[in-house]
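Novice: Let me give you the structure first, and then I'll get to my questions.
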Protein chains: 2
Amino acid sequence: MGTIQRKERERDQRRKAILASARAAFVKHGIATTTMERIAQEAELAKGTLYLYFRSREELLMGLLADDLAALTASMTTVAESPLAPPEKLASAFRTFYTYSQENQFFYQVMTQTNIGLLLQPNCETSIIADFISVNERLISLVEGIVSEGVAAGYFFLHGPIRTVVAEIIIAMKGSVMILRNNLIPPGWVTEPEQVILHDIVQLIIRGLGRSPSPTQAN
Amino acid sequence: MGTIQRKERERDQRRKAILASARAAFVKHGIATTTMERIAQEAELAKGTLYLYFRSREELLMGLLADDLAALTASMTTVAESPLAPPEKLASAFRTFYTYSQENQFFYQVMTQTNIGLLLQPNCETSIIADFISVNERLISLVEGIVSEGVAAGYFFLHGPIRTVVAEIIIAMKGSVMILRNNLIPPGWVTEPEQVILHDIVQLIIRGLGRSPSPTQAN
DNA sequence: TCGCAAAAATGACCAATGGTCAGGTTTTAT
DNA sequence: ATAAAACCTGACCATTGGTCATTTTTGCGA
């Protein structure tokens, strides 16, 4: 019986070692230009061996992304549990998201160089997709908690079901980060640093949340 | 002298014919899975001939995108010149952007399946990049006109230089469209149609613009 | 009209890369 | 010790963007 456990443990260790090598290679060379051959070399294995552990290059990428999303969720949880007022907590949550992408090179590259939708392919293992969805749900719940708190304390107003409002906030903020990090800003278009732009957008949304959706008048 | 003009005209016609064939192929088969061989077949030319007119696959894509952005700018110009109040005009502008992407299949696919930043590569012809930047500038100016009008009429408040504020609005809205169209919404996350989500986000931003950035109090 | 040079087009070829799989090596169980 | 199972290897395969030697077409001058 001990043999099975050891073998499972060793198999898991090799899988993790391959992921670590892939991460190092992706960070060093960029996602698009890192080949499976190069990852295999970094892992000191044959290329064919990689396919014993991952069904495709996409599945390898998703494995790395799942780890990052888990770490990000932990950071966001800390924010959600802090004693800040809801508007400041919301701003802090999205600052955390941005900072994480800035400090974690692989995550940054996935955000900027990969169409994540294309990674969610039928040849990805189902449990990896489920992990991705699960971690996303936890992020949503965290932001929902902050918004709910803000509504209860009178800082925010809802213009629809809270779930929908939260989704919209996240869409806008994630989208902004993607634009900022996708080189979709024509040169010379803005002179302020990305953090300032992102902060302003968060504040714009927070101000919008802080205003009842009923008024149709100026001022 | 007549021969040179005719040859230039014919060369331009062939270039346009290749672009049309590429568009048809991309729409029919998707961007990622359309090969240059398939485009060549659609154009009834040899594959090598494509490279007499475009330096790379990316340059071909950029050529198509430039046409789309020009058409989109025309639509947005119509909105900017309409007699609507600035908040409604702003909402209409972004609705136009979304509707265009919905109705124009190639544009939709570029938005969802392509990392545009990767298209802006050194092997793209400089004038194509310049066109891309130029069209972007026109879009920015249109939105800037609307915001400026709203400020003058007392609908909107600026939290920074108008150029920056406009950039932030565009970043948030473009980003939202990208998220919505990139299948980055986990299944079952939202039940409302994309248009409703986008409309809500625009309204949230408009409400934020309609509130002076000074208040720090709830209600 | 003909001959030649230039321009345009062709399609076989090349290099690169994700993925496959027959064969080799190592581990396990009896 | 032996056979079977598990693991690993690296040559091979299919695909595709891009190249380039060759072929075809066009334009021009005699």
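Each chain of the structure tokens is named A, B, ... in the order shown, its residues numbered from 1; ligands are numbered from 1 in display order.
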Using DSSP on the backbone coordinates, identify all residues within range 26-103 of chain A classified as alpha helix (DSSP H); present the result as a ChimeraX atom specification.
Specialist: /A:26-29,36-43,47-53,57-80,86-103
Novice: Report as a PDB file with all heavy atoms, in the first residue's frame the set of chain A residues whose atoms approach chain D to within 9 Å, with distances computed over only C-alpha atoms (C1' of nucleotides).
Specialist:
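Dumped everything to iface.pdb:
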```
ATOM      1  N   LEU A  45      13.952  17.240 -18.853  1.00  0.00           N
ATOM      2  CA  LEU A  45      13.198  16.068 -19.272  1.00  0.00           C
ATOM      3  C   LEU A  45      13.102  16.082 -20.787  1.00  0.00           C
ATOM      4  O   LEU A  45      13.417  17.081 -21.431  1.00  0.00           O
ATOM      5  CB  LEU A  45      11.785  16.098 -18.664  1.00  0.00           C
ATOM      6  CG  LEU A  45      11.649  15.969 -17.144  1.00  0.00           C
ATOM      7  CD1 LEU A  45      10.234  16.331 -16.737  1.00  0.00           C
ATOM      8  CD2 LEU A  45      12.021  14.573 -16.706  1.00  0.00           C
ATOM      9  N   ALA A  46      12.624  14.972 -21.315  1.00  0.00           N
ATOM     10  CA  ALA A  46      12.336  14.952 -22.745  1.00  0.00           C
ATOM     11  C   ALA A  46      10.990  15.631 -22.988  1.00  0.00           C
ATOM     12  O   ALA A  46      10.102  15.610 -22.134  1.00  0.00           O
ATOM     13  CB  ALA A  46      12.283  13.523 -23.259  1.00  0.00           C
ATOM     14  N   LYS A  47      10.847  16.219 -24.171  1.00  0.00           N
ATOM     15  CA  LYS A  47       9.607  16.929 -24.487  1.00  0.00           C
ATOM     16  C   LYS A  47       8.382  16.016 -24.364  1.00  0.00           C
ATOM     17  O   LYS A  47       7.334  16.436 -23.868  1.00  0.00           O
ATOM     18  CB  LYS A  47       9.694  17.491 -25.907  1.00  0.00           C
ATOM     19  CG  LYS A  47       8.529  18.383 -26.248  1.00  0.00           C
ATOM     20  CD  LYS A  47       8.700  19.097 -27.569  1.00  0.00           C
ATOM     21  CE  LYS A  47       8.938  18.184 -28.723  1.00  0.00           C
ATOM     22  NZ  LYS A  47       8.277  18.654 -29.966  1.00  0.00           N
ATOM     23  N   GLY A  48       8.528  14.776 -24.812  1.00  0.00           N
ATOM     24  CA  GLY A  48       7.414  13.847 -24.738  1.00  0.00           C
ATOM     25  C   GLY A  48       6.920  13.617 -23.314  1.00  0.00           C
ATOM     26  O   GLY A  48       5.741  13.312 -23.084  1.00  0.00           O
ATOM     27  N   THR A  49       7.823  13.754 -22.367  1.00  0.00           N
ATOM     28  CA  THR A  49       7.448  13.532 -20.967  1.00  0.00           C
ATOM     29  C   THR A  49       6.430  14.563 -20.483  1.00  0.00           C
ATOM     30  O   THR A  49       5.556  14.257 -19.672  1.00  0.00           O
ATOM     31  CB  THR A  49       8.693  13.586 -20.074  1.00  0.00           C
ATOM     32  OG1 THR A  49       9.681  12.695 -20.596  1.00  0.00           O
ATOM     33  CG2 THR A  49       8.374  13.211 -18.645  1.00  0.00           C
TER      34      THR A  49
END
```
Novice: Could you tell me which of B:Pro161, B:Gly210, B:Pro193, B:Gly188 comes closest to chain A if we count only C-alpha atoms?
Specialist: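 With only C-alpha atoms as the atom set, the closest residue is B:Gly210.
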Novice: Give me, as a PyMOL selection string, the residues of chain A touching chain C, with the criterion being at most 12 Å (counting only C-alpha atoms (C1' of nucleotides)).
Specialist: chain A and resi 3-4+7+32-38+47-52+54-58
Novice: Show me, as an MDAnalysis selection string, the residues that have an atom within 6 Å of Ala43 in chain A when counting only C-alpha atoms (C1' of nucleotides), minus same-chain residues fewer than 3 positions from it.
Specialist: chainID A and resid 18 21 40
Novice: Any chance you can output those residues with C-alpha atoms as a compact mmCIF listing (two decimals), in the first residue's frame?
Specialist:
```txt
# COMPACT_ATOMS: atom_id res chain seq x y z
CA ILE A 18 7.42 20.84 -14.58
CA SER A 21 10.23 25.06 -14.96
CA ALA A 40 11.44 20.40 -21.39
```
Novice: Using only C-alpha atoms (C1' of nucleotides), which protein or nucleic acid residues come within 8 Å of range 136-139 of chain B? Drop anything in the same chain fewer than 3 positions from it, and give the result as a ChimeraX atom specification.
Specialist: /A:186 /B:69,73,76,132-133,142-143
Novice: I'd like the interatomic distance between CA of Tyr100 in chain A and CA of Ala74 in chain A, to a tenth of an Å.
Specialist: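 Distance between the two atoms: 11.1 Å.
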Novice: Between A:Ala22, A:Ala153, A:Ala80, A:Ala91, which has the minimum distance to chain B (counting only C-alpha atoms)?
Specialist: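 Selected residue with least distance to chain B: A:Ala153.
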Novice: Give the answer as one residue: which of B:Ser92, B:Ser75, B:Ser212, B:Gln5 has the shortest atom-to-atom distance to Tyr155 in chain B, using only C-alpha atoms?
Specialist: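 Counting only C-alpha atoms, the residue closest to Tyr155 in chain B is B:Ser212.
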Novice: Can you measure CA of Leu72 in chain A to CA of Leu19 in chain A for me? One decimal in Å is fine.
Specialist: 17.9 Å
Novice: Any idea what the distance is between CA of Leu158 in chain B and CA of Gln203 in chain B?
Specialist: 16.5 Å
